[in-house]
$ cat work14.txt   # compact mmCIF, C-alpha atoms
# COMPACT_ATOMS: atom_id res chain seq x y z
CA GLY A 16 7.03 18.31 3.26
CA ALA A 17 7.75 14.64 2.98
CA GLY A 18 4.29 13.68 1.80
CA VAL A 19 0.95 15.06 0.67
CA SER A 20 -0.66 16.96 3.50
CA GLN A 21 -4.40 17.52 3.78
CA SER A 22 -6.39 19.63 6.21
CA PRO A 23 -8.60 19.40 8.06
CA SER A 24 -8.44 15.67 8.68
CA ASN A 25 -12.01 15.74 9.92
CA LYS A 26 -14.75 18.28 9.30
CA VAL A 27 -18.31 18.19 10.59
CA THR A 28 -20.62 20.82 9.19
CA GLU A 29 -24.27 21.62 8.94
CA LYS A 30 -26.22 21.26 5.75
CA GLY A 31 -26.09 24.47 3.74
CA LYS A 32 -22.72 25.65 5.03
CA ASP A 33 -19.65 26.12 2.82
CA VAL A 34 -16.47 24.14 3.45
CA GLU A 35 -12.91 24.43 2.23
CA LEU A 36 -10.51 21.51 2.09
CA ARG A 37 -6.82 22.11 1.62
CA CYS A 38 -4.12 20.04 -0.04
CA ASP A 39 -0.39 20.65 0.13
CA PRO A 40 1.33 18.42 -2.45
CA ILE A 41 4.83 17.03 -2.44
CA SER A 42 7.32 19.71 -3.35
CA GLY A 43 8.14 19.63 -7.06
CA HIS A 44 5.05 17.68 -8.08
CA THR A 45 3.35 19.54 -10.91
CA ALA A 46 0.20 17.43 -11.13
CA LEU A 47 -2.44 17.45 -8.40
CA TYR A 48 -5.63 15.40 -8.19
CA TRP A 49 -8.77 15.39 -6.08
CA TYR A 50 -10.79 12.21 -5.55
CA ARG A 51 -13.82 11.47 -3.43
CA GLN A 52 -14.20 8.19 -1.58
CA SER A 53 -17.65 7.20 -0.41
CA LEU A 54 -19.05 3.97 0.96
CA GLY A 55 -20.26 1.90 -1.92
CA GLN A 56 -18.99 4.38 -4.51
CA GLY A 57 -15.31 3.57 -4.59
CA LEU A 58 -12.93 6.30 -5.65
CA GLU A 59 -14.50 9.01 -7.76
CA PHE A 60 -12.31 11.41 -9.77
CA LEU A 61 -13.18 15.06 -9.23
CA ILE A 62 -10.55 17.26 -10.86
CA TYR A 63 -6.88 17.43 -11.73
CA PHE A 64 -4.41 20.27 -12.11
CA GLN A 65 -1.30 20.51 -14.21
CA GLY A 66 0.47 23.49 -12.69
CA ASN A 67 -2.25 26.02 -11.92
CA SER A 68 -4.57 25.06 -14.74
CA ALA A 69 -7.28 22.42 -14.58
CA PRO A 70 -7.52 20.64 -17.95
CA ASP A 71 -10.05 18.16 -16.64
CA LYS A 72 -12.92 19.24 -14.41
CA SER A 73 -15.22 16.54 -15.67
CA GLY A 74 -15.65 14.85 -12.33
CA LEU A 75 -16.98 17.77 -10.32
CA PRO A 76 -20.49 16.59 -9.29
CA SER A 77 -22.20 19.97 -9.47
CA ASP A 78 -21.56 23.71 -9.66
CA ARG A 79 -21.42 23.74 -5.87
CA PHE A 80 -17.96 22.21 -6.17
CA SER A 81 -14.94 24.23 -7.21
CA ALA A 82 -11.21 23.97 -6.86
CA GLU A 83 -8.24 26.17 -7.38
CA ARG A 84 -4.50 25.87 -7.22
CA THR A 85 -2.18 28.78 -6.75
CA GLY A 86 1.56 29.04 -7.27
CA GLY A 87 1.62 25.53 -8.66
CA SER A 88 1.44 24.22 -5.13
CA VAL A 89 -1.40 24.33 -2.60
CA SER A 90 -4.90 23.50 -3.77
CA THR A 91 -8.25 24.23 -2.18
CA LEU A 92 -11.45 22.30 -2.86
CA THR A 93 -14.53 24.31 -1.96
CA ILE A 94 -18.01 22.90 -1.52
CA GLN A 95 -20.76 25.48 -1.28
CA ARG A 96 -24.14 24.89 0.36
CA THR A 97 -23.16 21.42 1.49
CA GLN A 98 -25.65 18.58 1.27
CA GLN A 99 -25.73 15.31 3.20
CA GLU A 100 -24.72 13.39 0.07
CA ASP A 101 -21.45 15.34 0.08
CA SER A 102 -20.36 13.37 3.13
CA ALA A 103 -17.27 11.41 2.12
CA VAL A 104 -13.51 11.27 2.40
CA TYR A 105 -11.86 13.70 0.01
CA LEU A 106 -8.46 12.49 -1.10
CA CYS A 107 -5.78 14.59 -2.68
CA ALA A 108 -2.86 13.17 -4.63
CA SER A 109 0.12 14.57 -6.44
CA SER A 110 2.54 13.28 -9.02
CA LEU A 111 5.68 14.47 -10.77
CA ALA A 112 3.76 15.03 -13.98
CA ALA A 113 0.48 14.12 -15.59
CA SER A 114 2.19 12.38 -18.46
CA GLY A 115 5.40 10.57 -19.22
CA PRO A 116 7.05 7.64 -17.42
CA ASN A 117 5.55 8.52 -14.06
CA THR A 118 1.99 8.56 -15.34
CA GLY A 119 -0.34 7.13 -12.76
CA GLU A 120 2.20 7.12 -9.96
CA LEU A 121 0.17 9.13 -7.52
CA PHE A 122 1.09 9.94 -3.96
CA PHE A 123 -1.98 10.29 -1.78
CA GLY A 124 -2.67 12.23 1.36
CA GLU A 125 -4.60 10.70 4.23
CA GLY A 126 -7.76 12.50 3.24
CA SER A 127 -10.25 14.91 4.73
CA ARG A 128 -13.32 13.24 6.16
CA LEU A 129 -16.36 15.44 5.66
CA THR A 130 -19.59 14.82 7.54
CA VAL A 131 -22.61 16.93 6.68
CA LEU A 132 -25.35 16.82 9.30
CA ALA B 26 -14.31 5.03 -21.71
CA GLN B 27 -11.72 2.97 -19.94
CA SER B 28 -12.75 1.20 -16.77
CA VAL B 29 -11.78 -1.60 -14.44
CA THR B 30 -13.89 -4.20 -12.67
CA GLN B 31 -12.76 -5.86 -9.50
CA LEU B 32 -14.42 -9.19 -8.87
CA GLY B 33 -15.28 -9.60 -5.22
CA SER B 34 -15.68 -6.68 -2.85
CA HIS B 35 -14.36 -8.81 0.00
CA VAL B 36 -11.79 -11.61 -0.02
CA SER B 37 -10.79 -13.60 3.04
CA VAL B 38 -7.78 -15.92 3.20
CA SER B 39 -5.82 -17.70 5.90
CA GLU B 40 -2.38 -16.54 6.91
CA GLY B 41 0.16 -18.27 4.68
CA ALA B 42 -2.36 -18.95 1.92
CA LEU B 43 -2.30 -17.64 -1.63
CA VAL B 44 -3.80 -14.21 -2.20
CA LEU B 45 -5.60 -13.65 -5.51
CA LEU B 46 -7.42 -10.39 -6.19
CA ARG B 47 -9.08 -10.13 -9.57
CA CYS B 48 -9.18 -7.16 -11.92
CA ASN B 49 -10.44 -6.92 -15.48
CA TYR B 50 -10.11 -3.86 -17.63
CA SER B 51 -11.93 -2.57 -20.63
CA SER B 52 -9.80 -0.79 -23.15
CA SER B 53 -9.40 -0.72 -26.88
CA VAL B 54 -5.65 -0.39 -26.51
CA PRO B 55 -3.30 -1.71 -23.83
CA PRO B 56 -3.50 0.81 -21.05
CA TYR B 57 -1.37 1.58 -18.06
CA LEU B 58 -2.64 -0.55 -15.18
CA PHE B 59 -2.03 -0.17 -11.47
CA TRP B 60 -2.68 -1.72 -8.12
CA TYR B 61 -2.93 0.52 -5.08
CA VAL B 62 -3.33 -0.47 -1.43
CA GLN B 63 -5.09 1.46 1.31
CA TYR B 64 -4.41 0.61 4.93
CA PRO B 65 -6.98 1.71 7.52
CA ASN B 66 -7.22 5.48 7.92
CA GLN B 67 -4.48 6.09 5.38
CA GLY B 68 -4.25 7.30 1.83
CA LEU B 69 -3.58 5.01 -1.09
CA GLN B 70 -0.11 3.69 -1.81
CA LEU B 71 1.15 2.37 -5.15
CA LEU B 72 1.83 -1.39 -5.10
CA LEU B 73 2.84 -1.89 -8.71
CA LYS B 74 2.15 -0.74 -12.25
CA TYR B 75 2.11 -2.21 -15.75
CA THR B 76 3.40 -0.08 -18.60
CA SER B 77 3.92 -2.73 -21.32
CA ALA B 78 7.60 -3.33 -20.56
CA ALA B 79 6.89 -6.78 -19.09
CA THR B 80 3.70 -8.75 -18.57
CA LEU B 81 4.66 -9.95 -15.09
CA VAL B 82 5.09 -7.03 -12.77
CA LYS B 83 6.60 -7.29 -9.31
CA GLY B 84 5.65 -4.82 -6.64
CA ILE B 85 6.29 -4.11 -3.02
CA ASN B 86 5.59 -6.46 -0.11
CA GLY B 87 5.86 -9.59 -2.26
CA PHE B 88 2.91 -8.79 -4.52
CA GLU B 89 2.93 -9.30 -8.25
CA ALA B 90 0.46 -9.02 -11.11
CA GLU B 91 0.31 -10.47 -14.57
CA PHE B 92 -1.06 -8.62 -17.57
CA LYS B 93 -3.04 -10.96 -19.83
CA LYS B 94 -4.26 -9.21 -22.94
CA SER B 95 -6.27 -12.20 -24.14
CA GLU B 96 -8.26 -12.16 -20.90
CA THR B 97 -8.12 -8.36 -20.39
CA SER B 98 -7.03 -9.12 -16.85
CA PHE B 99 -4.49 -7.82 -14.38
CA HIS B 100 -4.92 -10.01 -11.31
CA LEU B 101 -2.89 -9.36 -8.16
CA THR B 102 -1.27 -12.27 -6.35
CA LYS B 103 0.93 -13.04 -3.39
CA PRO B 104 2.09 -16.59 -2.65
CA SER B 105 1.77 -16.40 1.13
CA ALA B 106 -0.49 -13.98 2.97
CA HIS B 107 0.66 -12.14 6.04
CA MET B 108 -1.50 -10.50 8.66
CA SER B 109 -0.08 -7.13 7.67
CA ASP B 110 -1.58 -7.53 4.18
CA ALA B 111 -5.06 -6.83 5.51
CA ALA B 112 -6.18 -3.72 3.66
CA GLU B 113 -8.28 -2.52 0.75
CA TYR B 114 -6.85 -3.00 -2.70
CA PHE B 115 -7.74 -0.95 -5.75
CA CYS B 116 -7.07 -1.70 -9.38
CA ALA B 117 -6.80 1.33 -11.64
CA VAL B 118 -6.38 2.16 -15.31
CA SER B 119 -4.86 5.24 -16.81
CA ARG B 120 -6.50 6.89 -19.77
CA GLY B 121 -3.26 7.67 -21.48
CA ALA B 122 -2.08 10.59 -19.42
CA GLN B 123 -3.92 12.38 -16.67
CA LYS B 124 -6.45 10.78 -14.40
CA LEU B 125 -6.63 7.29 -13.01
CA VAL B 126 -9.92 5.44 -13.06
CA PHE B 127 -10.25 3.16 -10.05
CA GLY B 128 -12.17 -0.01 -9.48
CA GLN B 129 -14.58 -0.38 -6.57
CA GLY B 130 -11.93 -1.93 -4.35
CA THR B 131 -11.50 -5.32 -2.69
CA ARG B 132 -11.17 -5.61 1.05
CA LEU B 133 -8.69 -8.32 1.99
CA THR B 134 -9.04 -10.00 5.37
CA ILE B 135 -6.38 -12.36 6.71
CA ASN B 136 -7.47 -15.06 9.15
CA PRO B 137 -4.91 -16.30 11.70

$ encode --input "work14.txt" --output "structure tokens"
Amino acid sequence: GAGVSQSPSNKVTEKGKDVELRCDPISGHTALYWYRQSLGQGLEFLIYFQGNSAPDKSGLPSDRFSAERTGGSVSTLTIQRTQQEDSAVYLCASSLAASGPNTGELFFGEGSRLTVL
Amino acid sequence: AQSVTQLGSHVSVSEGALVLLRCNYSSSVPPYLFWYVQYPNQGLQLLLKYTSAATLVKGINGFEAEFKKSETSFHLTKPSAHMSDAAEYFCAVSRGAQKLVFGQGTRLTINP
């Protein structure tokens, strides 16, 4: 596709349920990033992938959060046993590579807004 | 750890006035620095980036930023604000390769 695509755009769930958020990066982009945007918290790094591997998982808030990427393309962020504090906009971004001249040039999707009741 | 601090969570200027959004970074070595913009209900979009090639960096939509090592600053400016500039602006620093670390953001409001 032309840009980074995220689904669903909006998700309302009940506390304790599991949710999956999907990210489809720009074709050819090898690096993929997940960020969380909350009111008053700014943009919080969660995890990044280079290809299918995740060299840096340091931002995942707890073991309820996991992410995978298959085929060097689509990524899924899974939140198990959701809590109200998980409510936020989850942003996915991709870039040509995680290093080199394009470092930091991320292309963002519009985000998935998660509301946990 | 590298970080950035944006001074002022909300800035309001009149249309046609100078826009100045402040960003200071903490780093032991000159980092890569970025400004991103987020329009309502959209993802972030790269405005400009500093990679040590030149201290004055020009970006899209008439924005520019100057890297000042002595002040550890990377402030964003635009000579004349336009209504369409209303958005949230994020300064970010790259820790070498890999992830960007973002500031808290500054919401820019333009008054007619």

$ residues_near_point --input "work14.txt" --point "(-12.0, -6.7, 0.4)" --cutoff "10 Å" --atoms "all atoms listed in the file" --output "JSON, numbers by chain"
{"B": [31, 32, 33, 34, 35, 36, 37, 46, 111, 112, 113, 114, 115, 129, 130, 131, 132, 133, 134]}

$ closest_residue --input "work14.txt" --among "A:Glu83, A:Glu59, A:Asp78, A:Asp33" --to "chain B" --atoms "all atoms listed in the file"
A:Glu59

$ atom_distance --input "work14.txt" --atom1 "CA of Gly128 in chain B" --atom2 "CA of Arg96 in chain A"
29.3 Å

$ closest_residue --input "work14.txt" --among "A:Pro40, A:Gly86, A:Gly74, A:Gly126" --to "Phe60 in chain A" --atoms "all atoms listed in the file"
A:Gly74

$ closest_atom_pairs --input "work14.txt" --of "chain A" --to "chain B" --cutoff "9 Å" --atoms "only C-alpha atoms" --output "Markdown table"
| residue | atom | partner | partner_atom | distance |
| --- | --- | --- | --- | --- |
| A:Ala46 | CA | B:Gln123 | CA | 8.6 |
| A:Tyr48 | CA | B:Lys124 | CA | 7.8 |
| A:Gly55 | CA | B:Gln129 | CA | 7.7 |
| A:Gln56 | CA | B:Gln129 | CA | 6.8 |
| A:Gly57 | CA | B:Gln129 | CA | 4.5 |
| A:Leu58 | CA | B:Phe127 | CA | 6.0 |
| A:Glu59 | CA | B:Phe127 | CA | 7.6 |
| A:Phe60 | CA | B:Val126 | CA | 7.2 |
| A:Ile62 | CA | B:Lys124 | CA | 8.4 |
| A:Tyr63 | CA | B:Lys124 | CA | 7.2 |
| A:Gln65 | CA | B:Gln123 | CA | 8.9 |
| A:Asp71 | CA | B:Gln123 | CA | 8.4 |
| A:Leu106 | CA | B:Gly68 | CA | 7.3 |
| A:Cys107 | CA | B:Gly68 | CA | 8.7 |
| A:Ala108 | CA | B:Gly68 | CA | 8.8 |
| A:Ala112 | CA | B:Gln123 | CA | 8.6 |
| A:Ala113 | CA | B:Gln123 | CA | 4.9 |
| A:Ser114 | CA | B:Ala122 | CA | 4.7 |
| A:Gly115 | CA | B:Ala122 | CA | 7.5 |
| A:Pro116 | CA | B:Thr76 | CA | 8.6 |
| A:Thr118 | CA | B:Ala122 | CA | 6.1 |
| A:Gly119 | CA | B:Leu125 | CA | 6.3 |
| A:Glu120 | CA | B:Leu71 | CA | 6.8 |
| A:Leu121 | CA | B:Leu71 | CA | 7.2 |
| A:Phe122 | CA | B:Gln70 | CA | 6.7 |
| A:Phe123 | CA | B:Gly68 | CA | 5.2 |
| A:Gly124 | CA | B:Gly68 | CA | 5.2 |
| A:Glu125 | CA | B:Gly68 | CA | 4.2 |
| A:Gly126 | CA | B:Gly68 | CA | 6.4 |

$ closest_residue --input "work14.txt" --among "A:Ser109, A:Thr85, A:Gln98, A:Thr91" --to "Ser127 in chain A" --atoms "all atoms listed in the file"
A:Thr91

$ residues_around --input "work14.txt" --residues "Pro104 in chain B" --least-positions-apart "3" --cutoff "10 Å" --atoms "all atoms listed in the file" --output "list of chain:residue names"
B:Gly41, B:Ala42, B:Leu43, B:Val44, B:Leu45, B:Gly87, B:Phe88, B:Glu89, B:His107

$ atom_distance --input "work14.txt" --atom1 "CA of Thr80 in chain B" --atom2 "CA of Phe92 in chain B"
4.9 Å

$ atom_distance --input "work14.txt" --atom1 "CA of Ile41 in chain A" --atom2 "CA of Thr97 in chain A"
28.6 Å

$ residues_around --input "work14.txt" --residues "range 99-105 of chain A" --least-positions-apart "4" --cutoff "9 Å" --atoms "all atoms listed in the file" --output "NGL selection string"
:A and (25 or 29-30 or 36 or 49-54 or 94 or 125-132)

$ residues_around --input "work14.txt" --residues "Ser88 in chain A" --least-positions-apart "2" --cutoff "9 Å" --atoms "only C-alpha atoms" --output "JSON, numbers by chain"
{"A": [38, 39, 40, 41, 42, 43, 44, 45, 47, 66, 67, 84, 85, 86, 90]}

$ write_last_selection --input "work14.txt" --atoms "C-alpha atoms" --output "short mmCIF file (atom, residue, chain, number, x, y, z; two decimals), in the frame of the given file"
data_model
loop_
_atom_site.label_atom_id
_atom_site.label_comp_id
_atom_site.auth_asym_id
_atom_site.auth_seq_id
_atom_site.Cartn_x
_atom_site.Cartn_y
_atom_site.Cartn_z
CA CYS A 38 -4.12 20.04 -0.04
CA ASP A 39 -0.39 20.65 0.13
CA PRO A 40 1.33 18.42 -2.45
CA ILE A 41 4.83 17.03 -2.44
CA SER A 42 7.32 19.71 -3.35
CA GLY A 43 8.14 19.63 -7.06
CA HIS A 44 5.05 17.68 -8.08
CA THR A 45 3.35 19.54 -10.91
CA LEU A 47 -2.44 17.45 -8.40
CA GLY A 66 0.47 23.49 -12.69
CA ASN A 67 -2.25 26.02 -11.92
CA ARG A 84 -4.50 25.87 -7.22
CA THR A 85 -2.18 28.78 -6.75
CA GLY A 86 1.56 29.04 -7.27
CA SER A 90 -4.90 23.50 -3.77
#

$ decode --input "work14.txt" --residues "range 37-51 of chain A" --atoms "all heavy atoms" --output "JSON list (two decimals), in the first residue's frame"
[["chain", "number", "residue", "atom", "x", "y", "z"],
["A", 37, "ARG", "N", -3.17, -4.66, 14.50],
["A", 37, "ARG", "CA", -2.41, -5.07, 13.32],
["A", 37, "ARG", "C", -1.78, -3.87, 12.64],
["A", 37, "ARG", "O", -2.36, -2.78, 12.60],
["A", 37, "ARG", "CB", -3.35, -5.78, 12.34],
["A", 37, "ARG", "CG", -2.73, -6.17, 11.01],
["A", 37, "ARG", "CD", -3.81, -6.66, 10.04],
["A", 37, "ARG", "NE", -3.29, -6.75, 8.68],
["A", 37, "ARG", "CZ", -2.99, -7.89, 8.07],
["A", 37, "ARG", "NH1", -3.13, -9.05, 8.71],
["A", 37, "ARG", "NH2", -2.53, -7.90, 6.84],
["A", 38, "CYS", "N", -0.59, -4.10, 12.09],
["A", 38, "CYS", "CA", 0.12, -3.06, 11.35],
["A", 38, "CYS", "C", 0.65, -3.64, 10.05],
["A", 38, "CYS", "O", 1.35, -4.66, 10.05],
["A", 38, "CYS", "CB", 1.27, -2.50, 12.17],
["A", 38, "CYS", "SG", 2.32, -1.34, 11.26],
["A", 39, "ASP", "N", 0.35, -2.97, 8.96],
["A", 39, "ASP", "CA", 0.83, -3.35, 7.64],
["A", 39, "ASP", "C", 1.76, -2.24, 7.17],
["A", 39, "ASP", "O", 1.29, -1.14, 6.83],
["A", 39, "ASP", "CB", -0.35, -3.53, 6.69],
["A", 39, "ASP", "CG", 0.00, -4.38, 5.49],
["A", 39, "ASP", "OD1", 1.20, -4.54, 5.22],
["A", 39, "ASP", "OD2", -0.93, -4.86, 4.82],
["A", 40, "PRO", "N", 3.07, -2.47, 7.16],
["A", 40, "PRO", "CA", 4.01, -1.39, 6.86],
["A", 40, "PRO", "C", 4.08, -1.09, 5.36],
["A", 40, "PRO", "O", 3.49, -1.80, 4.54],
["A", 40, "PRO", "CB", 5.34, -1.95, 7.35],
["A", 40, "PRO", "CG", 5.20, -3.42, 7.14],
["A", 40, "PRO", "CD", 3.75, -3.73, 7.42],
["A", 41, "ILE", "N", 4.82, -0.07, 5.03],
["A", 41, "ILE", "CA", 5.07, 0.26, 3.63],
["A", 41, "ILE", "C", 5.92, -0.84, 3.02],
["A", 41, "ILE", "O", 6.89, -1.31, 3.64],
["A", 41, "ILE", "CB", 5.77, 1.62, 3.52],
["A", 41, "ILE", "CG1", 4.82, 2.74, 3.98],
["A", 41, "ILE", "CG2", 6.25, 1.89, 2.10],
["A", 41, "ILE", "CD1", 5.45, 4.10, 4.08],
["A", 42, "SER", "N", 5.53, -1.24, 1.83],
["A", 42, "SER", "CA", 6.24, -2.32, 1.15],
["A", 42, "SER", "C", 7.73, -1.99, 1.00],
["A", 42, "SER", "O", 8.09, -0.88, 0.58],
["A", 42, "SER", "CB", 5.62, -2.54, -0.23],
["A", 42, "SER", "OG", 6.31, -3.54, -0.94],
["A", 43, "GLY", "N", 8.58, -2.93, 1.38],
["A", 43, "GLY", "CA", 10.02, -2.72, 1.27],
["A", 43, "GLY", "C", 10.67, -2.16, 2.51],
["A", 43, "GLY", "O", 11.91, -2.13, 2.61],
["A", 44, "HIS", "N", 9.89, -1.70, 3.46],
["A", 44, "HIS", "CA", 10.45, -1.19, 4.71],
["A", 44, "HIS", "C", 10.79, -2.36, 5.62],
["A", 44, "HIS", "O", 9.95, -3.16, 5.97],
["A", 44, "HIS", "CB", 9.46, -0.26, 5.40],
["A", 44, "HIS", "CG", 9.42, 1.11, 4.82],
["A", 44, "HIS", "ND1", 8.82, 2.18, 5.45],
["A", 44, "HIS", "CD2", 9.94, 1.60, 3.67],
["A", 44, "HIS", "CE1", 8.95, 3.26, 4.71],
["A", 44, "HIS", "NE2", 9.63, 2.93, 3.61],
["A", 45, "THR", "N", 12.07, -2.43, 6.02],
["A", 45, "THR", "CA", 12.51, -3.57, 6.82],
["A", 45, "THR", "C", 12.34, -3.33, 8.32],
["A", 45, "THR", "O", 12.28, -4.27, 9.09],
["A", 45, "THR", "CB", 13.98, -3.90, 6.53],
["A", 45, "THR", "OG1", 14.79, -2.77, 6.88],
["A", 45, "THR", "CG2", 14.18, -4.22, 5.06],
["A", 46, "ALA", "N", 12.30, -2.08, 8.72],
["A", 46, "ALA", "CA", 12.17, -1.77, 10.15],
["A", 46, "ALA", "C", 10.73, -1.39, 10.47],
["A", 46, "ALA", "O", 10.07, -0.68, 9.70],
["A", 46, "ALA", "CB", 13.11, -0.64, 10.54],
["A", 47, "LEU", "N", 10.26, -1.87, 11.60],
["A", 47, "LEU", "CA", 8.88, -1.60, 12.03],
["A", 47, "LEU", "C", 8.90, -1.30, 13.52],
["A", 47, "LEU", "O", 9.58, -1.96, 14.29],
["A", 47, "LEU", "CB", 7.98, -2.80, 11.73],
["A", 47, "LEU", "CG", 6.48, -2.65, 11.99],
["A", 47, "LEU", "CD1", 5.68, -3.46, 10.98],
["A", 47, "LEU", "CD2", 6.12, -3.01, 13.41],
["A", 48, "TYR", "N", 8.12, -0.28, 13.91],
["A", 48, "TYR", "CA", 8.12, 0.21, 15.29],
["A", 48, "TYR", "C", 6.70, 0.29, 15.82],
["A", 48, "TYR", "O", 5.77, 0.63, 15.09],
["A", 48, "TYR", "CB", 8.72, 1.62, 15.36],
["A", 48, "TYR", "CG", 10.09, 1.76, 14.74],
["A", 48, "TYR", "CD1", 10.27, 1.82, 13.36],
["A", 48, "TYR", "CD2", 11.22, 1.85, 15.55],
["A", 48, "TYR", "CE1", 11.52, 1.96, 12.80],
["A", 48, "TYR", "CE2", 12.49, 1.99, 14.99],
["A", 48, "TYR", "CZ", 12.63, 2.05, 13.62],
["A", 48, "TYR", "OH", 13.87, 2.18, 13.06],
["A", 49, "TRP", "N", 6.56, 0.04, 17.10],
["A", 49, "TRP", "CA", 5.30, 0.28, 17.81],
["A", 49, "TRP", "C", 5.54, 1.33, 18.91],
["A", 49, "TRP", "O", 6.50, 1.20, 19.69],
["A", 49, "TRP", "CB", 4.76, -1.00, 18.45],
["A", 49, "TRP", "CG", 4.12, -1.96, 17.51],
["A", 49, "TRP", "CD1", 4.69, -3.07, 16.95],
["A", 49, "TRP", "CD2", 2.77, -1.93, 17.03],
["A", 49, "TRP", "NE1", 3.78, -3.72, 16.15],
["A", 49, "TRP", "CE2", 2.59, -3.05, 16.18],
["A", 49, "TRP", "CE3", 1.69, -1.07, 17.23],
["A", 49, "TRP", "CZ2", 1.38, -3.33, 15.54],
["A", 49, "TRP", "CZ3", 0.48, -1.35, 16.60],
["A", 49, "TRP", "CH2", 0.33, -2.46, 15.77],
["A", 50, "TYR", "N", 4.66, 2.32, 18.94],
["A", 50, "TYR", "CA", 4.67, 3.33, 19.99],
["A", 50, "TYR", "C", 3.28, 3.42, 20.60],
["A", 50, "TYR", "O", 2.28, 3.07, 19.96],
["A", 50, "TYR", "CB", 5.02, 4.72, 19.41],
["A", 50, "TYR", "CG", 6.48, 4.92, 19.10],
["A", 50, "TYR", "CD1", 7.02, 4.51, 17.88],
["A", 50, "TYR", "CD2", 7.33, 5.54, 20.02],
["A", 50, "TYR", "CE1", 8.36, 4.71, 17.59],
["A", 50, "TYR", "CE2", 8.68, 5.74, 19.73],
["A", 50, "TYR", "CZ", 9.17, 5.32, 18.52],
["A", 50, "TYR", "OH", 10.51, 5.51, 18.24],
["A", 51, "ARG", "N", 3.23, 3.91, 21.82],
["A", 51, "ARG", "CA", 1.95, 4.14, 22.48],
["A", 51, "ARG", "C", 1.85, 5.62, 22.81],
["A", 51, "ARG", "O", 2.81, 6.22, 23.34],
["A", 51, "ARG", "CB", 1.87, 3.30, 23.77],
["A", 51, "ARG", "CG", 0.57, 3.49, 24.53],
["A", 51, "ARG", "CD", 0.39, 2.41, 25.59],
["A", 51, "ARG", "NE", 1.31, 2.55, 26.71],
["A", 51, "ARG", "CZ", 1.24, 1.76, 27.78],
["A", 51, "ARG", "NH1", 0.32, 0.81, 27.86],
["A", 51, "ARG", "NH2", 2.09, 1.92, 28.78]]
